[in-house]
Amino acid sequence: MSGNGNEILIEVKNLQKHFGSGSIHALDGVSTGIRRGEVVVVIGPSGSGKSTFLRCLNLLERPSGGSVVFAGTDITNPKVNIDLHRQKMGMVFQHFNLFPHMTILENMTLAPIKLLKKDKAGTEAKALALLDRVGLKDRAQAYPSQLSGGQKQRIAIVRALCMEPEVMLFDEPTSALDPEMVGEVLEVMKALAHEGMTMVVVTHEMGFAREVGSRVIFMDGGVIVEENTPEELFAHPKSERLQSFLAKVL
Amino acid sequence: MTGLQMWWLDAQDVLYRCFIEDNRWRYLAKGLGNTLLITFFALLLGVVLGVVVAIIRTSYDKNRSDMQPGIGRWLLGLGNALCQVYLTVIRGTPVVVQLLLGVFVILVALGNDVTIACIVFGINSGAYVAEIIRSGIMSIDNGQFEAGRSLGFNYIRTMWYIIIPQAFKNVLPALANEFIVLLKETSVVGYAGVIDLTKGGEIIRGRTFEAFVPLLAVAAVYLVMVMFFTWLVGKLERRLRSSER
C-alpha cells in the first residue's frame, strides 16, 4: 500500500445499514481500515451501498450495526458528540450543497468562525488563499447561483478544507457535472491527494481511481467484493462480478 | 344656489360634525394607535411562537426515527404533542371567541384590555405563522441540512444559520399575507371593549348618526396601511432575492 503513514485513521468494523424496517440491507457487514494519507477510491454499480458506506463514516447515515472508529474514538457510540468529530471530517456532496444565501467567502468562513471560534480577518485571509489555489479568488464575493457546476464543486471542496479536516469524504463529486467540468474538479482533488490528505472517494471516474488511488474498493450488494491497489484491481480483477463491472465501465 | 353648491355645503357640514366638532377625529387617532399597537405586538409574539412551534414540529418529523430512546426523544415527543394541541385549538376556534375568552375568562387578571388583545392575537397568529414557517423549512433541500451537519454544526445551529434564513425568504409573501390578515382581524377587538380604529369609527357613527363618512374614513386608513406595508415587503423581498442572480 502506498499510504505515507501506517496509523489507521478510520477503522470500520462489520458495518450494517438496514432500510425499510430491516428488509433492505444497504450495507451487509463492511469492514476496512483507512490509513492516514491514503486515498481510498470506492467503486461499484449503483445500489451497491458505496454512498451509504461513505455517509456512514461521518454518521450522516446512522449505521444499524457495527462500528466506525475515527482517530481512536468509536463515533457510533450514542454518547459521543458527533458534531465535534464531523468538524475534522470534510465532506463534498454530489450536488455541492453550497449555501445559496451566502457569498462564497461567507460559505467558507461560516463554520471556522462559528465552530472553531477563529477570528474573522485571519479566516478570510486563509479562505482567499485557498480560493486562489483553485483559481477562484475573484469570485469571493459572488453568490453560488452565479457560478458554474465545476466552480461550485471546487468551492465546496475548499469550504470543507477551511475546517482543516483530517480526512475528506467525497460522495460522487463529479457525477452532477457537465463533462467538460469534470477535469477541473478532479485536478483539485489530485492536488489535494498529492499533499497527503487522507481521502475517501466514491466515484465513477475510473481514470481518477487508477491514477490517484492508493487503494480501490469494489462494492456490490452491500459488501466489499474486492479491494486492492488500482494497478492490480484493474489489471487482474479476481471476482466475476468485478470483471463484468469493469467490462461495462471501461 | 346650484345643486353642486348645495351638496358641497352639506358635505362640509358632515365632515365638520364627523371629525372636527368635539375633536371627534381623536377617536380615529386613538383607535389607530391601538390597532397598530395590537398588530405590532401580536406580530412579534406570533413570529416568535410560530418559529418555535415550527422548529419543534419539523425536528420531531426529521429526527424521530433516528433518535435513541431516552429523555431527549420523550421531551421532543411531548413538545410535538403540545404543539399539535395548540395548532388544533387555535385554528379550530374563531378569533372573536378566543378574544372574549381572553378578556372575560382566562387573562382577566391582567386587567388591561389592550395587553390582553396583544396576547390573544399573538397566540392566534402564532398558529398560522407556525404552519407557514414549517412549510418553508420543509421546502429547503435536505442537502443543505446535511452540508451544515457535515461541517460540524449541531441541529439547532444548522437550523439557525442555514435553514431558517432560506426558509424565511421563501415564505416572506405568505408571512406578509398573514400580517395583512392580522392587521385587519384586530378590527374585532371592539367586541371586548377596546377602542381600535374600527371602534373609533363606530363611536363617531353613534354620536353623529352619520354612517357613510366615518366608515369610509376607517376603510381608507386600513387600505393605506396595507398598501404601505405591501410596498415595504416588496422592497425587502427584492433585497433578499439579490443573492439569486
# chains A, B, ... in the order shown; residues from 1 in each chain; ligands from 1
>>> interface_residues(of="chain B", to="chain A", cutoff="12 Å", atoms="only C-alpha atoms", output="number ranges by chain")
B: 63, 65-70, 140-158, 160-170, 239-245
>>> write_last_selection(atoms="C-alpha atoms", output="PDB file, in the first residue's frame")
ATOM      1  CA  ASN B  63     -35.348  13.065  13.947  1.00  0.00           C
ATOM      2  CA  SER B  65     -36.738   7.686  13.537  1.00  0.00           C
ATOM      3  CA  ASP B  66     -33.033   8.320  14.239  1.00  0.00           C
ATOM      4  CA  MET B  67     -33.182   9.193  17.904  1.00  0.00           C
ATOM      5  CA  GLN B  68     -32.165   6.834  20.653  1.00  0.00           C
ATOM      6  CA  PRO B  69     -34.901   6.164  23.199  1.00  0.00           C
ATOM      7  CA  GLY B  70     -34.367   8.448  26.182  1.00  0.00           C
ATOM      8  CA  ILE B 140     -35.372  23.559   1.781  1.00  0.00           C
ATOM      9  CA  ASP B 141     -33.432  20.732   0.161  1.00  0.00           C
ATOM     10  CA  ASN B 142     -32.175  18.165   2.655  1.00  0.00           C
ATOM     11  CA  GLY B 143     -28.689  18.563   1.165  1.00  0.00           C
ATOM     12  CA  GLN B 144     -28.478  21.992   2.814  1.00  0.00           C
ATOM     13  CA  PHE B 145     -29.128  20.362   6.129  1.00  0.00           C
ATOM     14  CA  GLU B 146     -26.545  17.639   5.508  1.00  0.00           C
ATOM     15  CA  ALA B 147     -23.955  20.204   4.430  1.00  0.00           C
ATOM     16  CA  GLY B 148     -24.433  22.086   7.697  1.00  0.00           C
ATOM     17  CA  ARG B 149     -24.231  18.946   9.796  1.00  0.00           C
ATOM     18  CA  SER B 150     -21.195  17.656   7.895  1.00  0.00           C
ATOM     19  CA  LEU B 151     -19.306  20.836   8.769  1.00  0.00           C
ATOM     20  CA  GLY B 152     -19.967  20.099  12.421  1.00  0.00           C
ATOM     21  CA  PHE B 153     -22.929  22.338  13.219  1.00  0.00           C
ATOM     22  CA  ASN B 154     -25.432  20.784  15.588  1.00  0.00           C
ATOM     23  CA  TYR B 155     -29.105  20.541  14.692  1.00  0.00           C
ATOM     24  CA  ILE B 156     -30.173  23.882  16.174  1.00  0.00           C
ATOM     25  CA  ARG B 157     -27.294  25.884  14.725  1.00  0.00           C
ATOM     26  CA  THR B 158     -27.791  24.313  11.290  1.00  0.00           C
ATOM     27  CA  TRP B 160     -30.423  28.926  12.639  1.00  0.00           C
ATOM     28  CA  TYR B 161     -27.581  29.738  10.237  1.00  0.00           C
ATOM     29  CA  ILE B 162     -28.568  27.751   7.175  1.00  0.00           C
ATOM     30  CA  ILE B 163     -32.179  26.577   7.032  1.00  0.00           C
ATOM     31  CA  ILE B 164     -34.196  29.397   8.655  1.00  0.00           C
ATOM     32  CA  PRO B 165     -32.705  32.263   6.581  1.00  0.00           C
ATOM     33  CA  GLN B 166     -33.543  30.433   3.370  1.00  0.00           C
ATOM     34  CA  ALA B 167     -36.934  29.295   4.617  1.00  0.00           C
ATOM     35  CA  PHE B 168     -37.784  32.838   5.705  1.00  0.00           C
ATOM     36  CA  LYS B 169     -37.029  34.178   2.256  1.00  0.00           C
ATOM     37  CA  ASN B 170     -39.265  31.557   0.670  1.00  0.00           C
ATOM     38  CA  ARG B 239     -33.300  42.857  -1.350  1.00  0.00           C
ATOM     39  CA  LEU B 240     -33.342  39.254  -0.146  1.00  0.00           C
ATOM     40  CA  ARG B 241     -33.564  37.975  -3.716  1.00  0.00           C
ATOM     41  CA  SER B 242     -30.398  39.824  -4.675  1.00  0.00           C
ATOM     42  CA  SER B 243     -28.356  36.704  -3.871  1.00  0.00           C
ATOM     43  CA  GLU B 244     -30.150  34.752  -6.533  1.00  0.00           C
ATOM     44  CA  ARG B 245     -28.729  36.433  -9.560  1.00  0.00           C
TER      45      ARG B 245
END
>>> residues_around(residues="Ile10 of chain A", least_positions_apart="3", cutoff="9 Å", atoms="only C-alpha atoms", output="list in words")
Thr32, Gly33, Ile34, Arg35, Arg36, Leu57, Val68, Val69, Phe70, Ala71 and Gly72 of chain A
>>> write_last_selection(atoms="all heavy atoms", output="short mmCIF file (atom, residue, chain, number, x, y, z; two decimals), in the first residue's frame")
data_model
loop_
_atom_site.label_atom_id
_atom_site.label_comp_id
_atom_site.auth_asym_id
_atom_site.auth_seq_id
_atom_site.Cartn_x
_atom_site.Cartn_y
_atom_site.Cartn_z
N THR A 32 -13.17 -2.42 7.01
CA THR A 32 -11.94 -1.99 6.36
C THR A 32 -11.28 -0.93 7.22
O THR A 32 -11.88 -0.45 8.19
CB THR A 32 -12.22 -1.43 4.94
OG1 THR A 32 -10.98 -1.22 4.27
CG2 THR A 32 -12.99 -0.12 4.98
N GLY A 33 -10.06 -0.59 6.90
CA GLY A 33 -9.37 0.47 7.64
C GLY A 33 -8.85 1.50 6.66
O GLY A 33 -8.43 1.16 5.56
N ILE A 34 -8.92 2.76 7.06
CA ILE A 34 -8.41 3.82 6.20
C ILE A 34 -7.23 4.47 6.92
O ILE A 34 -7.38 5.03 8.01
CB ILE A 34 -9.51 4.83 5.86
CG1 ILE A 34 -10.49 4.17 4.88
CG2 ILE A 34 -8.92 6.08 5.21
CD1 ILE A 34 -11.89 4.57 5.04
N ARG A 35 -6.06 4.35 6.30
CA ARG A 35 -4.85 4.86 6.93
C ARG A 35 -4.65 6.32 6.62
O ARG A 35 -5.12 6.82 5.61
CB ARG A 35 -3.62 4.07 6.42
CG ARG A 35 -3.58 2.67 6.93
CD ARG A 35 -2.60 1.83 6.13
NE ARG A 35 -2.86 0.41 6.37
CZ ARG A 35 -2.48 -0.22 7.48
NH1 ARG A 35 -1.81 0.41 8.40
NH2 ARG A 35 -2.79 -1.49 7.65
N ARG A 36 -3.96 6.97 7.51
CA ARG A 36 -3.63 8.39 7.30
C ARG A 36 -2.83 8.56 6.02
O ARG A 36 -1.88 7.82 5.77
CB ARG A 36 -2.82 8.89 8.49
CG ARG A 36 -3.09 10.32 8.86
CD ARG A 36 -2.30 10.72 10.07
NE ARG A 36 -3.05 10.54 11.32
CZ ARG A 36 -3.94 11.42 11.78
NH1 ARG A 36 -4.20 12.50 11.10
NH2 ARG A 36 -4.57 11.19 12.91
N LEU A 57 -19.61 6.93 7.40
CA LEU A 57 -18.31 7.26 8.01
C LEU A 57 -18.40 8.51 8.88
O LEU A 57 -17.71 8.62 9.88
CB LEU A 57 -17.24 7.47 6.92
CG LEU A 57 -16.84 6.21 6.13
CD1 LEU A 57 -15.72 6.54 5.15
CD2 LEU A 57 -16.42 5.09 7.06
N VAL A 68 -17.72 2.50 13.72
CA VAL A 68 -16.76 3.32 12.99
C VAL A 68 -15.87 3.97 14.04
O VAL A 68 -16.35 4.73 14.88
CB VAL A 68 -17.47 4.41 12.16
CG1 VAL A 68 -16.43 5.29 11.46
CG2 VAL A 68 -18.41 3.79 11.15
N VAL A 69 -14.59 3.63 14.02
CA VAL A 69 -13.66 4.22 14.98
C VAL A 69 -12.83 5.27 14.25
O VAL A 69 -12.10 4.95 13.32
CB VAL A 69 -12.75 3.14 15.61
CG1 VAL A 69 -11.77 3.79 16.58
CG2 VAL A 69 -13.58 2.09 16.31
N PHE A 70 -13.01 6.53 14.64
CA PHE A 70 -12.30 7.63 13.99
C PHE A 70 -11.29 8.21 14.97
O PHE A 70 -11.65 8.67 16.05
CB PHE A 70 -13.30 8.71 13.54
CG PHE A 70 -12.65 9.96 13.03
CD1 PHE A 70 -11.86 9.93 11.89
CD2 PHE A 70 -12.82 11.17 13.68
CE1 PHE A 70 -11.25 11.08 11.41
CE2 PHE A 70 -12.22 12.33 13.21
CZ PHE A 70 -11.43 12.28 12.08
N ALA A 71 -10.01 8.15 14.59
CA ALA A 71 -8.92 8.67 15.42
C ALA A 71 -9.04 8.16 16.86
O ALA A 71 -8.88 8.92 17.81
CB ALA A 71 -8.90 10.20 15.39
N GLY A 72 -9.35 6.88 16.98
CA GLY A 72 -9.36 6.26 18.30
C GLY A 72 -10.67 6.32 19.05
O GLY A 72 -10.80 5.75 20.12
#
>>> residues_around(residues="Leu37 of chain B", least_positions_apart="5", cutoff="10 Å", atoms="only C-alpha atoms", output="PyMOL selection string")
chain B and resi 31-32+42-43+114-115+117-118+196
>>> select_by_dssp(residues="segment 189-245 of chain A", states="helix (DSSP H, G or I)", output="ChimeraX atom specification")
/A:189-194,206-212,230-235,240-245
>>> write_last_selection(atoms="N, CA and C atoms", output="mmCIF file, in the first residue's frame")
data_model
loop_
_atom_site.group_PDB
_atom_site.id
_atom_site.type_symbol
_atom_site.label_atom_id
_atom_site.label_comp_id
_atom_site.auth_asym_id
_atom_site.auth_seq_id
_atom_site.Cartn_x
_atom_site.Cartn_y
_atom_site.Cartn_z
ATOM 1 N N MET A 189 -8.791 17.716 -6.704
ATOM 2 C CA MET A 189 -8.715 16.532 -5.838
ATOM 3 C C MET A 189 -7.342 15.864 -5.935
ATOM 4 N N LYS A 190 -6.793 15.857 -7.141
ATOM 5 C CA LYS A 190 -5.461 15.275 -7.335
ATOM 6 C C LYS A 190 -4.429 16.043 -6.531
ATOM 7 N N ALA A 191 -4.491 17.368 -6.631
ATOM 8 C CA ALA A 191 -3.535 18.207 -5.901
ATOM 9 C C ALA A 191 -3.637 17.930 -4.408
ATOM 10 N N LEU A 192 -4.866 17.771 -3.956
ATOM 11 C CA LEU A 192 -5.108 17.500 -2.534
ATOM 12 C C LEU A 192 -4.473 16.159 -2.130
ATOM 13 N N ALA A 193 -4.644 15.167 -2.997
ATOM 14 C CA ALA A 193 -4.086 13.845 -2.713
ATOM 15 C C ALA A 193 -2.565 13.916 -2.644
ATOM 16 N N HIS A 194 -1.970 14.679 -3.541
ATOM 17 C CA HIS A 194 -0.514 14.769 -3.566
ATOM 18 C C HIS A 194 0.037 15.495 -2.349
ATOM 19 N N MET A 206 -13.030 6.111 -13.334
ATOM 20 C CA MET A 206 -12.039 5.044 -13.209
ATOM 21 C C MET A 206 -10.624 5.578 -13.434
ATOM 22 N N GLY A 207 -10.520 6.600 -14.296
ATOM 23 C CA GLY A 207 -9.212 7.203 -14.551
ATOM 24 C C GLY A 207 -8.625 7.779 -13.269
ATOM 25 N N PHE A 208 -9.473 8.464 -12.502
ATOM 26 C CA PHE A 208 -9.035 9.050 -11.230
ATOM 27 C C PHE A 208 -8.610 7.938 -10.268
ATOM 28 N N ALA A 209 -9.436 6.886 -10.207
ATOM 29 C CA ALA A 209 -9.135 5.775 -9.300
ATOM 30 C C ALA A 209 -7.764 5.185 -9.633
ATOM 31 N N ARG A 210 -7.527 4.992 -10.918
ATOM 32 C CA ARG A 210 -6.287 4.365 -11.354
ATOM 33 C C ARG A 210 -5.084 5.267 -11.077
ATOM 34 N N GLU A 211 -5.264 6.562 -11.322
ATOM 35 C CA GLU A 211 -4.127 7.476 -11.270
ATOM 36 C C GLU A 211 -3.806 7.919 -9.846
ATOM 37 N N VAL A 212 -4.824 8.178 -9.053
ATOM 38 C CA VAL A 212 -4.616 8.824 -7.756
ATOM 39 C C VAL A 212 -4.801 7.862 -6.585
ATOM 40 N N PRO A 230 -4.848 -0.031 -7.235
ATOM 41 C CA PRO A 230 -5.521 0.173 -8.519
ATOM 42 C C PRO A 230 -4.888 -0.640 -9.646
ATOM 43 N N GLU A 231 -3.557 -0.744 -9.640
ATOM 44 C CA GLU A 231 -2.890 -1.500 -10.712
ATOM 45 C C GLU A 231 -3.419 -2.929 -10.750
ATOM 46 N N GLU A 232 -3.400 -3.570 -9.592
ATOM 47 C CA GLU A 232 -3.827 -4.964 -9.502
ATOM 48 C C GLU A 232 -5.313 -5.108 -9.810
ATOM 49 N N LEU A 233 -6.113 -4.226 -9.185
ATOM 50 C CA LEU A 233 -7.560 -4.388 -9.282
ATOM 51 C C LEU A 233 -8.061 -4.232 -10.720
ATOM 52 N N PHE A 234 -7.489 -3.235 -11.423
ATOM 53 C CA PHE A 234 -7.961 -3.023 -12.794
ATOM 54 C C PHE A 234 -7.334 -4.022 -13.765
ATOM 55 N N ALA A 235 -6.088 -4.433 -13.513
ATOM 56 C CA ALA A 235 -5.410 -5.336 -14.444
ATOM 57 C C ALA A 235 -5.829 -6.786 -14.221
ATOM 58 N N GLU A 240 -15.772 -12.539 -10.504
ATOM 59 C CA GLU A 240 -16.527 -12.439 -11.742
ATOM 60 C C GLU A 240 -17.329 -11.140 -11.785
ATOM 61 N N ARG A 241 -17.873 -10.744 -10.612
ATOM 62 C CA ARG A 241 -18.696 -9.540 -10.521
ATOM 63 C C ARG A 241 -17.909 -8.300 -10.930
ATOM 64 N N LEU A 242 -16.668 -8.216 -10.448
ATOM 65 C CA LEU A 242 -15.819 -7.076 -10.789
ATOM 66 C C LEU A 242 -15.429 -7.116 -12.262
ATOM 67 N N GLN A 243 -15.166 -8.293 -12.757
ATOM 68 C CA GLN A 243 -14.804 -8.424 -14.172
ATOM 69 C C GLN A 243 -15.923 -7.894 -15.063
ATOM 70 N N SER A 244 -17.156 -8.296 -14.763
ATOM 71 C CA SER A 244 -18.264 -7.845 -15.616
ATOM 72 C C SER A 244 -18.524 -6.353 -15.420
ATOM 73 N N PHE A 245 -18.315 -5.849 -14.179
ATOM 74 C CA PHE A 245 -18.480 -4.402 -13.933
ATOM 75 C C PHE A 245 -17.462 -3.603 -14.745
#
>>> select_by_dssp(residues="segment 88-153 of chain A", states="strand (DSSP E or B)", output="number ranges by chain")
A: 89-92
>>> residues_around(residues="Val89 of chain B", least_positions_apart="5", cutoff="12 Å", atoms="only C-alpha atoms", output="PyMOL selection string")
chain B and resi 82-84+94-95+97-98+123-124+127-128
>>> residues_around(residues="Asp220 of chain A", least_positions_apart="4", cutoff="7 Å", atoms="only C-alpha atoms", output="list in words")
Gly44, Pro45, Ser48, Gly49, Ile224 and Val225 of chain A
>>> closest_residue(among="B:Arg26, B:Gly102, B:Ile133, B:Ile38", to="Val52 of chain B", atoms="only C-alpha atoms")
B:Ile133
>>> closest_residue(among="A:Ser239, A:Ser148, A:Val12, A:Leu246", to="Asp74 of chain A", atoms="only C-alpha atoms")
A:Val12
>>> residues_around(residues="Gly50 of chain B", least_positions_apart="3", cutoff="6 Å", atoms="only C-alpha atoms", output="list in words")
Gly46, Val47, Val53, Ala54, Gly126, Val129 and Ala130 of chain B
>>> write_last_selection(atoms="N, CA and C atoms", output="PDB file, in the first residue's frame")
ATOM      1  N   GLY B  46     -46.401  36.421  17.655  1.00  0.00           N
ATOM      2  CA  GLY B  46     -46.787  35.384  16.694  1.00  0.00           C
ATOM      3  C   GLY B  46     -45.589  34.797  15.973  1.00  0.00           C
ATOM      4  N   VAL B  47     -44.646  35.651  15.573  1.00  0.00           N
ATOM      5  CA  VAL B  47     -43.474  35.155  14.851  1.00  0.00           C
ATOM      6  C   VAL B  47     -42.606  34.308  15.776  1.00  0.00           C
ATOM      7  N   VAL B  53     -42.648  26.776  17.394  1.00  0.00           N
ATOM      8  CA  VAL B  53     -43.529  25.635  17.120  1.00  0.00           C
ATOM      9  C   VAL B  53     -43.099  24.923  15.829  1.00  0.00           C
ATOM     10  N   ALA B  54     -42.743  25.710  14.809  1.00  0.00           N
ATOM     11  CA  ALA B  54     -42.334  25.104  13.536  1.00  0.00           C
ATOM     12  C   ALA B  54     -41.074  24.269  13.713  1.00  0.00           C
ATOM     13  N   GLY B 126     -49.655  33.152  15.898  1.00  0.00           N
ATOM     14  CA  GLY B 126     -48.560  32.180  16.003  1.00  0.00           C
ATOM     15  C   GLY B 126     -48.895  30.840  15.374  1.00  0.00           C
ATOM     16  N   VAL B 129     -48.607  31.344  11.618  1.00  0.00           N
ATOM     17  CA  VAL B 129     -47.207  31.568  11.270  1.00  0.00           C
ATOM     18  C   VAL B 129     -46.420  30.250  11.371  1.00  0.00           C
ATOM     19  N   ALA B 130     -46.734  29.448  12.387  1.00  0.00           N
ATOM     20  CA  ALA B 130     -46.016  28.182  12.581  1.00  0.00           C
ATOM     21  C   ALA B 130     -46.125  27.302  11.343  1.00  0.00           C
TER      22      ALA B 130
END
>>> atom_distance(atom1="atom CA of Ser51 of chain A", atom2="atom CA of Met138 of chain B")
23.8 Å
>>> atom_distance(atom1="atom CA of Gly111 of chain B", atom2="atom CA of Gly193 of chain B")
12.2 Å
>>> atom_distance(atom1="atom CA of Gly122 of chain A", atom2="atom CA of Glu166 of chain A")
20.4 Å
>>> residues_around(residues="Gly66 of chain A", least_positions_apart="2", cutoff="12 Å", atoms="only C-alpha atoms", output="list in words")
Glu11, Val12, Lys13, Asn14, Leu15, Gln16, Lys17, His18, Leu27, Asp28, Gly29, Val30, Ser31, Thr32, Phe53, Cys56, Leu57, Arg62, Pro63, Ser64, Val68, Val69, Asp74, Ile75, Thr76 and Asn77 of chain A
